[in-house]
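To be precise, the following lines are input_19.cif, and they hold mmCIF, C-alpha atoms.
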data_final
#
loop_
_atom_site.group_PDB
_atom_site.id
_atom_site.type_symbol
_atom_site.label_atom_id
_atom_site.label_comp_id
_atom_site.auth_asym_id
_atom_site.auth_seq_id
_atom_site.Cartn_x
_atom_site.Cartn_y
_atom_site.Cartn_z
ATOM 1 C CA MET B 212 -9.915 28.556 23.711
ATOM 2 C CA ASP B 213 -7.417 26.589 21.605
ATOM 3 C CA THR B 214 -8.637 25.370 18.251
ATOM 4 C CA LEU B 215 -6.971 22.921 15.921
ATOM 5 C CA ALA B 216 -7.657 25.203 12.996
ATOM 6 C CA SER B 217 -4.790 27.427 14.136
ATOM 7 C CA LYS B 218 -2.287 24.602 14.629
ATOM 8 C CA LEU B 219 0.510 23.916 12.167
ATOM 9 C CA ARG B 220 2.657 21.324 13.954
ATOM 10 C CA PRO B 221 1.599 17.792 14.983
ATOM 11 C CA GLY B 222 2.854 18.408 18.525
ATOM 12 C CA GLU B 223 0.590 21.420 18.871
ATOM 13 C CA VAL B 224 -2.403 19.409 17.667
ATOM 14 C CA VAL B 225 -1.699 16.567 20.107
ATOM 15 C CA SER B 226 -1.212 18.968 23.016
ATOM 16 C CA ALA B 227 -4.478 20.734 22.243
ATOM 17 C CA LEU B 228 -6.325 17.414 22.093
ATOM 18 C CA LYS B 229 -4.841 16.289 25.408
ATOM 19 C CA ARG B 230 -5.906 19.497 27.136
ATOM 20 C CA GLY B 231 -9.454 18.617 26.225
ATOM 21 C CA ASN B 232 -10.598 22.209 25.826
ATOM 22 C CA LEU B 233 -11.736 21.746 22.249
ATOM 23 C CA PRO B 234 -15.266 21.937 20.875
ATOM 24 C CA GLN B 235 -17.231 18.723 21.181
ATOM 25 C CA GLN B 236 -17.580 18.397 17.448
ATOM 26 C CA LEU B 237 -14.203 17.990 15.757
ATOM 27 C CA ASP B 238 -15.511 17.586 12.215
ATOM 28 C CA GLY B 239 -15.538 21.310 11.584
ATOM 29 C CA ILE B 240 -12.001 21.683 12.888
ATOM 30 C CA TYR B 241 -10.590 18.900 10.718
ATOM 31 C CA THR B 242 -12.543 20.235 7.764
ATOM 32 C CA ALA B 243 -10.922 23.627 8.325
ATOM 33 C CA ALA B 244 -7.492 21.969 8.295
ATOM 34 C CA LEU B 245 -8.310 20.296 4.988
ATOM 35 C CA GLU B 246 -9.550 23.568 3.562
ATOM 36 C CA ARG B 247 -6.109 24.973 4.309
ATOM 37 C CA ILE B 248 -4.599 22.089 2.356
ATOM 38 C CA LYS B 249 -6.986 22.843 -0.516
ATOM 39 C CA ASP B 250 -5.540 26.353 -0.622
ATOM 40 C CA LEU B 251 -2.109 24.968 -1.520
ATOM 41 C CA PRO B 252 -0.932 25.290 -5.139
ATOM 42 C CA PRO B 253 -2.712 22.611 -7.235
ATOM 43 C CA SER B 254 0.344 20.379 -7.701
ATOM 44 C CA HIS B 255 1.088 20.508 -3.968
ATOM 45 C CA LYS B 256 -2.520 19.884 -3.002
ATOM 46 C CA GLU B 257 -2.757 16.790 -5.213
ATOM 47 C CA VAL B 258 0.301 15.076 -3.759
ATOM 48 C CA VAL B 259 -0.618 15.996 -0.170
ATOM 49 C CA MET B 260 -4.111 14.539 -0.591
ATOM 50 C CA ASP B 261 -2.579 11.376 -2.087
ATOM 51 C CA PHE B 262 -0.245 11.275 0.919
ATOM 52 C CA LEU B 263 -3.265 11.398 3.223
ATOM 53 C CA ARG B 264 -5.074 8.793 1.098
ATOM 54 C CA TRP B 265 -2.238 6.323 1.671
ATOM 55 C CA ILE B 266 -2.201 6.996 5.402
ATOM 56 C CA VAL B 267 -5.955 6.460 5.680
ATOM 57 C CA PHE B 268 -6.383 3.410 3.425
ATOM 58 C CA ALA B 269 -3.098 1.517 3.837
ATOM 59 C CA GLN B 270 -3.433 -1.892 5.469
ATOM 60 C CA ARG B 271 -0.772 -0.950 8.016
ATOM 61 C CA PRO B 272 1.252 2.161 8.921
ATOM 62 C CA LEU B 273 3.852 2.794 6.241
ATOM 63 C CA HIS B 274 7.485 3.648 6.818
ATOM 64 C CA ALA B 275 8.645 6.912 5.315
ATOM 65 C CA ARG B 276 10.577 5.273 2.457
ATOM 66 C CA GLU B 277 7.624 3.026 1.609
ATOM 67 C CA ILE B 278 5.174 5.871 1.212
ATOM 68 C CA GLU B 279 7.759 7.995 -0.609
ATOM 69 C CA HIS B 280 8.107 5.284 -3.248
ATOM 70 C CA ALA B 281 4.358 4.701 -3.450
ATOM 71 C CA LEU B 282 3.726 8.376 -4.143
ATOM 72 C CA ALA B 283 6.475 8.519 -6.778
ATOM 73 C CA VAL B 284 4.727 5.896 -8.953
ATOM 74 C CA SER B 285 2.589 6.688 -11.996
ATOM 75 C CA ASP B 286 0.514 4.042 -13.766
ATOM 76 C CA ASN B 287 2.773 3.621 -16.796
ATOM 77 C CA ASP B 288 6.098 3.614 -14.944
ATOM 78 C CA HIS B 289 8.563 0.780 -15.531
ATOM 79 C CA ASP B 290 10.881 1.667 -12.660
ATOM 80 C CA ILE B 291 11.117 4.138 -9.827
ATOM 81 C CA ASP B 292 12.131 7.639 -10.858
ATOM 82 C CA THR B 293 14.055 8.997 -7.892
ATOM 83 C CA ASP B 294 13.515 12.527 -9.180
ATOM 84 C CA ASN B 295 9.821 12.081 -8.332
ATOM 85 C CA ILE B 296 10.433 11.176 -4.692
ATOM 86 C CA ILE B 297 9.257 13.732 -2.148
ATOM 87 C CA ARG B 298 10.419 13.140 1.406
ATOM 88 C CA ALA B 299 7.720 12.146 3.857
ATOM 89 C CA HIS B 300 8.699 14.765 6.428
ATOM 90 C CA VAL B 301 8.239 17.474 3.795
ATOM 91 C CA LEU B 302 4.761 16.212 2.950
ATOM 92 C CA ALA B 303 3.860 15.863 6.622
ATOM 93 C CA SER B 304 4.794 19.502 7.153
ATOM 94 C CA MET B 305 2.173 20.472 4.552
ATOM 95 C CA CYS B 306 -0.688 18.579 6.239
ATOM 96 C CA ALA B 307 -1.873 21.335 8.601
ATOM 97 C CA GLY B 308 -0.686 19.442 11.677
ATOM 98 C CA LEU B 309 -2.682 16.275 10.930
ATOM 99 C CA VAL B 310 0.300 13.977 10.216
ATOM 100 C CA MET B 311 3.412 12.975 12.118
ATOM 101 C CA LEU B 312 6.353 10.585 11.773
ATOM 102 C CA ASP B 313 6.769 8.407 14.858
ATOM 103 C CA GLU B 314 10.005 7.238 16.484
ATOM 104 C CA SER B 315 10.194 4.307 14.040
ATOM 105 C CA ASP B 316 9.836 6.635 11.043
ATOM 106 C CA ARG B 317 6.312 5.423 10.359
ATOM 107 C CA VAL B 318 3.844 7.941 8.991
ATOM 108 C CA ARG B 319 0.711 8.346 11.111
ATOM 109 C CA LEU B 320 -2.209 10.642 11.753
ATOM 110 C CA VAL B 321 -1.695 12.560 14.982
ATOM 111 C CA HIS B 322 -4.817 11.267 16.746
ATOM 112 C CA TYR B 323 -7.379 8.504 16.329
ATOM 113 C CA THR B 324 -10.136 11.104 15.942
ATOM 114 C CA VAL B 325 -8.517 12.260 12.700
ATOM 115 C CA MET B 326 -8.771 8.722 11.311
ATOM 116 C CA ASN B 327 -12.386 8.494 12.474
ATOM 117 C CA PHE B 328 -13.108 11.731 10.648
ATOM 118 C CA PHE B 329 -11.539 10.524 7.410
ATOM 119 C CA ILE B 330 -13.299 7.163 7.546
ATOM 120 C CA SER B 331 -16.640 8.887 8.083
ATOM 121 C CA HIS B 332 -16.077 11.330 5.218
ATOM 122 C CA HIS B 333 -13.872 9.335 2.851
ATOM 123 C CA ASP B 334 -16.230 9.727 -0.112
ATOM 124 C CA GLN B 335 -15.952 13.493 0.172
ATOM 125 C CA TRP B 336 -12.197 13.766 0.566
ATOM 126 C CA PHE B 337 -10.961 10.637 -1.214
ATOM 127 C CA PRO B 338 -13.203 9.841 -4.187
ATOM 128 C CA GLY B 339 -12.374 6.410 -5.530
ATOM 129 C CA GLY B 340 -11.251 5.185 -2.131
ATOM 130 C CA ALA B 341 -8.282 2.836 -2.231
ATOM 131 C CA ILE B 342 -8.465 1.903 -5.908
ATOM 132 C CA LYS B 343 -5.401 4.067 -6.512
ATOM 133 C CA LEU B 344 -3.531 1.998 -3.922
ATOM 134 C CA ALA B 345 -4.327 -1.212 -5.804
ATOM 135 C CA SER B 346 -3.150 0.333 -9.067
ATOM 136 C CA THR B 347 0.088 1.592 -7.525
ATOM 137 C CA CYS B 348 0.849 -1.816 -6.011
ATOM 138 C CA LEU B 349 0.340 -3.571 -9.353
ATOM 139 C CA THR B 350 2.478 -1.021 -11.187
ATOM 140 C CA TYR B 351 5.282 -1.385 -8.654
ATOM 141 C CA LEU B 352 5.224 -5.191 -8.826
ATOM 142 C CA SER B 353 5.400 -4.940 -12.626
ATOM 143 C CA PHE B 354 8.628 -2.922 -12.675
ATOM 144 C CA ASP B 355 11.189 -4.081 -15.217
ATOM 145 C CA SER B 356 13.638 -4.902 -12.435
ATOM 146 C CA PHE B 357 11.416 -7.817 -11.404
ATOM 147 C CA LYS B 358 11.270 -9.284 -14.923
ATOM 148 C CA THR B 359 14.246 -11.433 -13.981
ATOM 149 C CA GLY B 360 12.129 -13.137 -11.341
ATOM 150 C CA ALA B 361 13.130 -14.055 -7.815
ATOM 151 C CA CYS B 362 16.601 -13.543 -6.404
ATOM 152 C CA THR B 363 18.475 -16.852 -6.640
ATOM 153 C CA GLY B 364 21.894 -18.337 -6.047
ATOM 154 C CA PRO B 365 24.110 -18.779 -2.988
ATOM 155 C CA SER B 366 23.556 -15.206 -1.763
ATOM 156 C CA VAL B 367 19.790 -15.190 -2.261
ATOM 157 C CA SER B 368 18.996 -13.745 1.163
ATOM 158 C CA ALA B 369 21.513 -10.911 0.825
ATOM 159 C CA ASP B 370 20.397 -10.256 -2.740
ATOM 160 C CA PHE B 371 16.776 -10.048 -1.677
ATOM 161 C CA ASP B 372 17.670 -7.679 1.166
ATOM 162 C CA ALA B 373 19.453 -5.491 -1.388
ATOM 163 C CA ARG B 374 16.341 -5.587 -3.577
ATOM 164 C CA LEU B 375 14.257 -4.365 -0.647
ATOM 165 C CA VAL B 376 16.689 -1.527 0.001
ATOM 166 C CA ARG B 377 16.370 -0.392 -3.595
ATOM 167 C CA TYR B 378 12.617 -1.039 -3.697
ATOM 168 C CA PRO B 379 11.313 -0.466 -0.156
ATOM 169 C CA PHE B 380 7.675 -0.587 -1.254
ATOM 170 C CA LEU B 381 8.025 -4.138 -2.631
ATOM 171 C CA GLY B 382 7.057 -5.863 0.614
ATOM 172 C CA TYR B 383 3.872 -3.860 1.108
ATOM 173 C CA ALA B 384 2.875 -4.156 -2.550
ATOM 174 C CA ALA B 385 3.356 -7.940 -2.571
ATOM 175 C CA GLU B 386 1.498 -8.443 0.688
ATOM 176 C CA HIS B 387 -1.472 -6.146 0.137
ATOM 177 C CA TRP B 388 -2.187 -5.598 -3.575
ATOM 178 C CA GLY B 389 -4.854 -8.286 -3.537
ATOM 179 C CA LYS B 390 -6.591 -6.877 -0.476
ATOM 180 C CA HIS B 391 -6.912 -3.463 -2.092
ATOM 181 C CA LEU B 392 -8.143 -5.010 -5.331
ATOM 182 C CA ARG B 393 -10.715 -7.113 -3.485
ATOM 183 C CA GLU B 394 -12.103 -4.025 -1.750
ATOM 184 C CA TYR B 395 -12.324 -2.006 -4.970
ATOM 185 C CA PRO B 396 -12.849 -4.437 -7.875
ATOM 186 C CA ASN B 397 -12.038 -2.950 -11.238
ATOM 187 C CA GLU B 398 -11.961 -4.773 -14.577
ATOM 188 C CA GLU B 399 -8.829 -3.060 -15.866
ATOM 189 C CA LEU B 400 -6.968 -3.771 -12.627
ATOM 190 C CA TYR B 401 -8.094 -7.402 -12.655
ATOM 191 C CA ASN B 402 -6.655 -7.740 -16.132
ATOM 192 C CA ARG B 403 -3.364 -6.231 -14.989
ATOM 193 C CA ALA B 404 -3.297 -8.653 -12.059
ATOM 194 C CA ARG B 405 -3.898 -11.584 -14.413
ATOM 195 C CA LEU B 406 -1.040 -10.509 -16.669
ATOM 196 C CA LEU B 407 1.246 -10.083 -13.668
ATOM 197 C CA LEU B 408 0.510 -13.450 -12.090
ATOM 198 C CA THR B 409 0.593 -15.472 -15.294
ATOM 199 C CA ASN B 410 4.101 -14.191 -16.061
ATOM 200 C CA ARG B 411 6.242 -16.748 -14.246
ATOM 201 C CA ASN B 412 9.135 -14.407 -13.484
ATOM 202 C CA TYR B 413 6.937 -11.686 -12.048
ATOM 203 C CA PHE B 414 4.950 -14.286 -10.135
ATOM 204 C CA GLU B 415 8.102 -15.701 -8.532
ATOM 205 C CA ALA B 416 9.327 -12.221 -7.583
ATOM 206 C CA VAL B 417 6.010 -11.539 -5.828
ATOM 207 C CA SER B 418 5.957 -14.982 -4.205
ATOM 208 C CA GLN B 419 9.487 -14.561 -2.905
ATOM 209 C CA ALA B 420 8.581 -11.244 -1.286
ATOM 210 C CA LEU B 421 5.601 -12.897 0.408
ATOM 211 C CA TYR B 422 7.790 -15.802 1.523
ATOM 212 C CA TYR B 423 10.329 -13.569 3.235
ATOM 213 C CA LEU B 424 7.585 -11.579 4.940
ATOM 214 C CA ASP B 425 6.256 -14.817 6.430
ATOM 215 C CA ASN B 426 9.644 -16.455 7.060
ATOM 216 C CA LYS B 427 11.910 -13.690 8.278
ATOM 217 C CA ASP B 428 14.412 -16.099 9.846
ATOM 218 C CA SER B 429 14.763 -18.271 6.767
ATOM 219 C CA ALA B 430 18.096 -18.118 4.987
ATOM 220 C CA SER B 431 16.943 -19.064 1.519
ATOM 221 C CA TRP B 432 14.060 -19.374 -0.896
ATOM 222 C CA SER B 433 14.019 -22.244 -3.335
ATOM 223 C CA GLY B 434 11.358 -20.948 -5.694
ATOM 224 C CA ASN B 435 9.982 -24.465 -5.935
ATOM 225 C CA SER B 436 6.859 -24.179 -3.837
ATOM 226 C CA GLY B 437 4.757 -25.316 -6.767
ATOM 227 C CA SER B 438 2.337 -22.466 -6.173
ATOM 228 C CA SER B 439 0.633 -20.818 -9.108
ATOM 229 C CA ALA B 440 -1.326 -17.747 -10.090
ATOM 230 C CA MET B 441 -4.448 -19.648 -9.055
ATOM 231 C CA HIS B 442 -3.079 -20.255 -5.554
ATOM 232 C CA LEU B 443 -2.239 -16.588 -5.077
ATOM 233 C CA ALA B 444 -5.638 -15.466 -6.373
ATOM 234 C CA ALA B 445 -7.244 -17.861 -3.886
ATOM 235 C CA HIS B 446 -4.990 -16.567 -1.101
ATOM 236 C CA PHE B 447 -6.367 -13.054 -1.613
ATOM 237 C CA MET B 448 -9.916 -14.391 -2.126
ATOM 238 C CA LEU B 449 -10.083 -12.747 -5.546
ATOM 239 C CA ASN B 450 -12.986 -14.828 -6.807
ATOM 240 C CA ARG B 451 -13.302 -12.963 -10.091
ATOM 241 C CA LEU B 452 -9.634 -13.538 -10.843
ATOM 242 C CA VAL B 453 -10.012 -17.220 -9.977
ATOM 243 C CA MET B 454 -12.893 -17.446 -12.461
ATOM 244 C CA VAL B 455 -10.825 -15.731 -15.162
ATOM 245 C CA LEU B 456 -7.992 -18.201 -14.609
ATOM 246 C CA LEU B 457 -10.401 -21.128 -14.681
ATOM 247 C CA GLY B 458 -11.781 -19.801 -17.950
ATOM 248 C CA ALA B 459 -8.233 -19.782 -19.291
ATOM 249 C CA GLY B 460 -7.989 -23.502 -18.562
ATOM 250 C CA VAL B 461 -6.138 -23.549 -15.234
ATOM 251 C CA ASP B 462 -6.719 -26.800 -13.345
ATOM 252 C CA PRO B 463 -8.967 -26.106 -10.295
ATOM 253 C CA ASN B 464 -7.456 -29.118 -8.502
ATOM 254 C CA ILE B 465 -3.880 -27.916 -8.816
ATOM 255 C CA ARG B 466 -1.725 -28.492 -5.725
ATOM 256 C CA ASP B 467 1.486 -26.858 -4.570
ATOM 257 C CA ASP B 468 4.564 -28.896 -3.620
ATOM 258 C CA ASN B 469 3.178 -29.377 -0.113
ATOM 259 C CA GLY B 470 0.025 -30.923 -1.533
ATOM 260 C CA ALA B 471 -2.130 -27.936 -0.591
ATOM 261 C CA ARG B 472 -5.157 -27.246 -2.759
ATOM 262 C CA LEU B 473 -6.780 -23.897 -3.448
ATOM 263 C CA LEU B 474 -9.090 -24.086 -0.440
ATOM 264 C CA TRP B 475 -6.070 -24.263 1.900
ATOM 265 C CA TRP B 476 -4.624 -21.116 0.328
ATOM 266 C CA ARG B 477 -7.885 -19.281 1.070
ATOM 267 C CA ARG B 478 -7.416 -19.647 4.809
#
Can the structure from this file be put into structure tokens for me?
Amino acid sequence: MDTLASKLRPGEVVSALKRGNLPQQLDGIYTAALERIKDLPPSHKEVVMDFLRWIVFAQRPLHAREIEHALAVSDNDHDIDTDNIIRAHVLASMCAGLVMLDESDRVRLVHYTVMNFFISHHDQWFPGGAIKLASTCLTYLSFDSFKTGACTGPSVSADFDARLVRYPFLGYAAEHWGKHLREYPNEELYNRARLLLTNRNYFEAVSQALYYLDNKDSASWSGNSGSSAMHLAAHFMLNRLVMVLLGAGVDPNIRDDNGARLLWWRR
């Protein structure tokens, strides 16, 4: 009888699952695969488990370059250190057959039952859940390169595309940092979010990334939406952050340039 515990390649795992001649209970098999990962050298094991953490808790499947950048970030970084980048296919090869890169270069678990296993046992294998994802997103958005604010000028669209090439994790970080923070509230991370959003240049860099994600066919971004840190906090339904901003004297009735109030941004 085939068992997943003996499989090294994603294709072998998928083939074994399709043949259906596996034990009814897969938990023990996936646990055995993770035990093999635990036997890796400590530095390898740590990065592989972080790799799996991103695959399990990310809001959407990540492209290889996105997850490579995410894993290269440490909390106090001010820019990406390319020497810290480990290629996704290398990490996938160390995951005991549990991970594959699809035809679009997205990183995925090889079968939905693997995700079910991780979700059921996330406290055991991923202590702290997705809080590390929130921290990484905030660190990335706070890189020195974004201190200059949004890309502007006659070539704004091309300049922003170039920014995304250099910083491929920017789109994910801008779109999902608030969701991760909402799921795993943390006082220190809330303070970092407040500092990020109340810095106008950083705020505009984040807002521009969100704009292009929602308006892929648009040729330009004016930067004059009138939105504020309060609007973005409301957008992500970060009630604690809204209260902090209110305590700092931000007008709760503030509108953007389209006349939208905070309640509209919470939709």
Excluding Thr350 of chain B and any residue of its chain fewer than 3 positions from it, enumerate the residues within 9 Å of it, using all atoms listed in the file, and give them as number ranges by chain. B: 284-290, 345-347, 353-354, 403
Evaluating the PyMOL selection byres ((chain B and resi 273) around 6) on the displayed file yields which residues, as an MDAnalysis selection string? chainID B and resid 272 274 277 317:318
Create the file for the chosen residues now, containing C-alpha atoms and written as an mmCIF file, keeping the file's coordinate frame.
data_model
loop_
_atom_site.group_PDB
_atom_site.id
_atom_site.type_symbol
_atom_site.label_atom_id
_atom_site.label_comp_id
_atom_site.auth_asym_id
_atom_site.auth_seq_id
_atom_site.Cartn_x
_atom_site.Cartn_y
_atom_site.Cartn_z
ATOM 1 C CA PRO B 272 1.252 2.161 8.921
ATOM 2 C CA HIS B 274 7.485 3.648 6.818
ATOM 3 C CA GLU B 277 7.624 3.026 1.609
ATOM 4 C CA ARG B 317 6.312 5.423 10.359
ATOM 5 C CA VAL B 318 3.844 7.941 8.991
#
Quick one: what's the axis-aligned box for segment 315-325 of chain B, all listed atoms, 4 Å on every side, centre and edges in Å to one decimal, as JSON?
{"center_x": 0.0, "center_y": 8.4, "center_z": 12.9, "size_x": 28.3, "size_y": 16.3, "size_z": 15.8}
Neighbourhood query: residues within 12 Å of (5.5, -12.7, -15.4), file coordinates, counting all atoms listed in the file; return as number ranges by chain. B: 352-361, 403-418, 439-440
Kindly assemble as JSON lines a list of the segment 273-323 of chain B residues that lie within 8 Å of segment 368-383 of chain B, each paired with its nearest atom pair and their distance in Å to one decimal, using only C-alpha atoms, sorted first by chain and then by ascending residue number.
{"residue": "B:Arg276", "atom": "CA", "partner": "B:Pro379", "partner_atom": "CA", "distance": 6.3}
{"residue": "B:Glu277", "atom": "CA", "partner": "B:Phe380", "partner_atom": "CA", "distance": 4.6}
{"residue": "B:Ile278", "atom": "CA", "partner": "B:Phe380", "partner_atom": "CA", "distance": 7.4}
{"residue": "B:His280", "atom": "CA", "partner": "B:Phe380", "partner_atom": "CA", "distance": 6.2}
{"residue": "B:Ala281", "atom": "CA", "partner": "B:Phe380", "partner_atom": "CA", "distance": 6.6}
Among the residues B:Asp250, B:Ala275, B:Phe268, B:Glu314, the one that comes closest to Ile330 of chain B [using only C-alpha atoms]: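 Among the listed residues, B:Phe268 lies closest to Ile330 of chain B.
Candidate residues B:Glu279, B:Ser331, B:Tyr241, B:Ser366 were compared for distance to Asp316 of chain B, and the nearest is B:Glu279, using all atoms listed in the file.
Across the model, the gap from atom CA of Phe262 of chain B to atom CA of Leu302 of chain B is 7.3 Å.
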Between atom CA of Gly389 of chain B and atom CA of Phe447 of chain B, distance in Å (one decimal):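 The value is 5.4 Å.
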What is the distance, in Å and to one decimal place, between atom CA of Ala384 of chain B and atom CA of Tyr351 of chain B?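 According to the coordinates, atom CA of Ala384 of chain B and atom CA of Tyr351 of chain B are separated by 7.1 Å.
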Taking into account all atoms listed in the file, which residue in the set B:Thr293, B:Thr242, B:Gln419, B:Asn450 is nearest to Trp336 of chain B?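 Result for the nearest residue to Trp336 of chain B: B:Thr242.
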Looking at B:Val267, B:Leu452, B:Ala459, B:Leu421, which one is nearest to Ala341 of chain B, with distances taken over only C-alpha atoms? B:Val267
Given the PyMOL selection byres ((chain B and resi 453) around 10) and the file above, list the residues it selects as a count of residues only. 21
For each of B:His391, B:Lys343, B:His322, B:His332, take the minimum atom-to-atom distance to Gly239 of chain B, counting all atoms listed in the file, then give the residue where this is smallest.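 Using all atoms listed in the file, Gly239 of chain B sits closest to B:His332.
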On this structure, the PyMOL selection byres ((chain B and resi 320) around 6) would catch which residues? List them as a list in words, sorted by chain and number. Leu309, Val310, Arg319, Val321 and His322 of chain B
Leaving out Arg247 of chain B and any residue of its chain fewer than 6 positions from it, which residues lie within 10 Å of it when counting all atoms listed in the file, given as a ChimeraX atom specification? /B:216,241,256,305-307
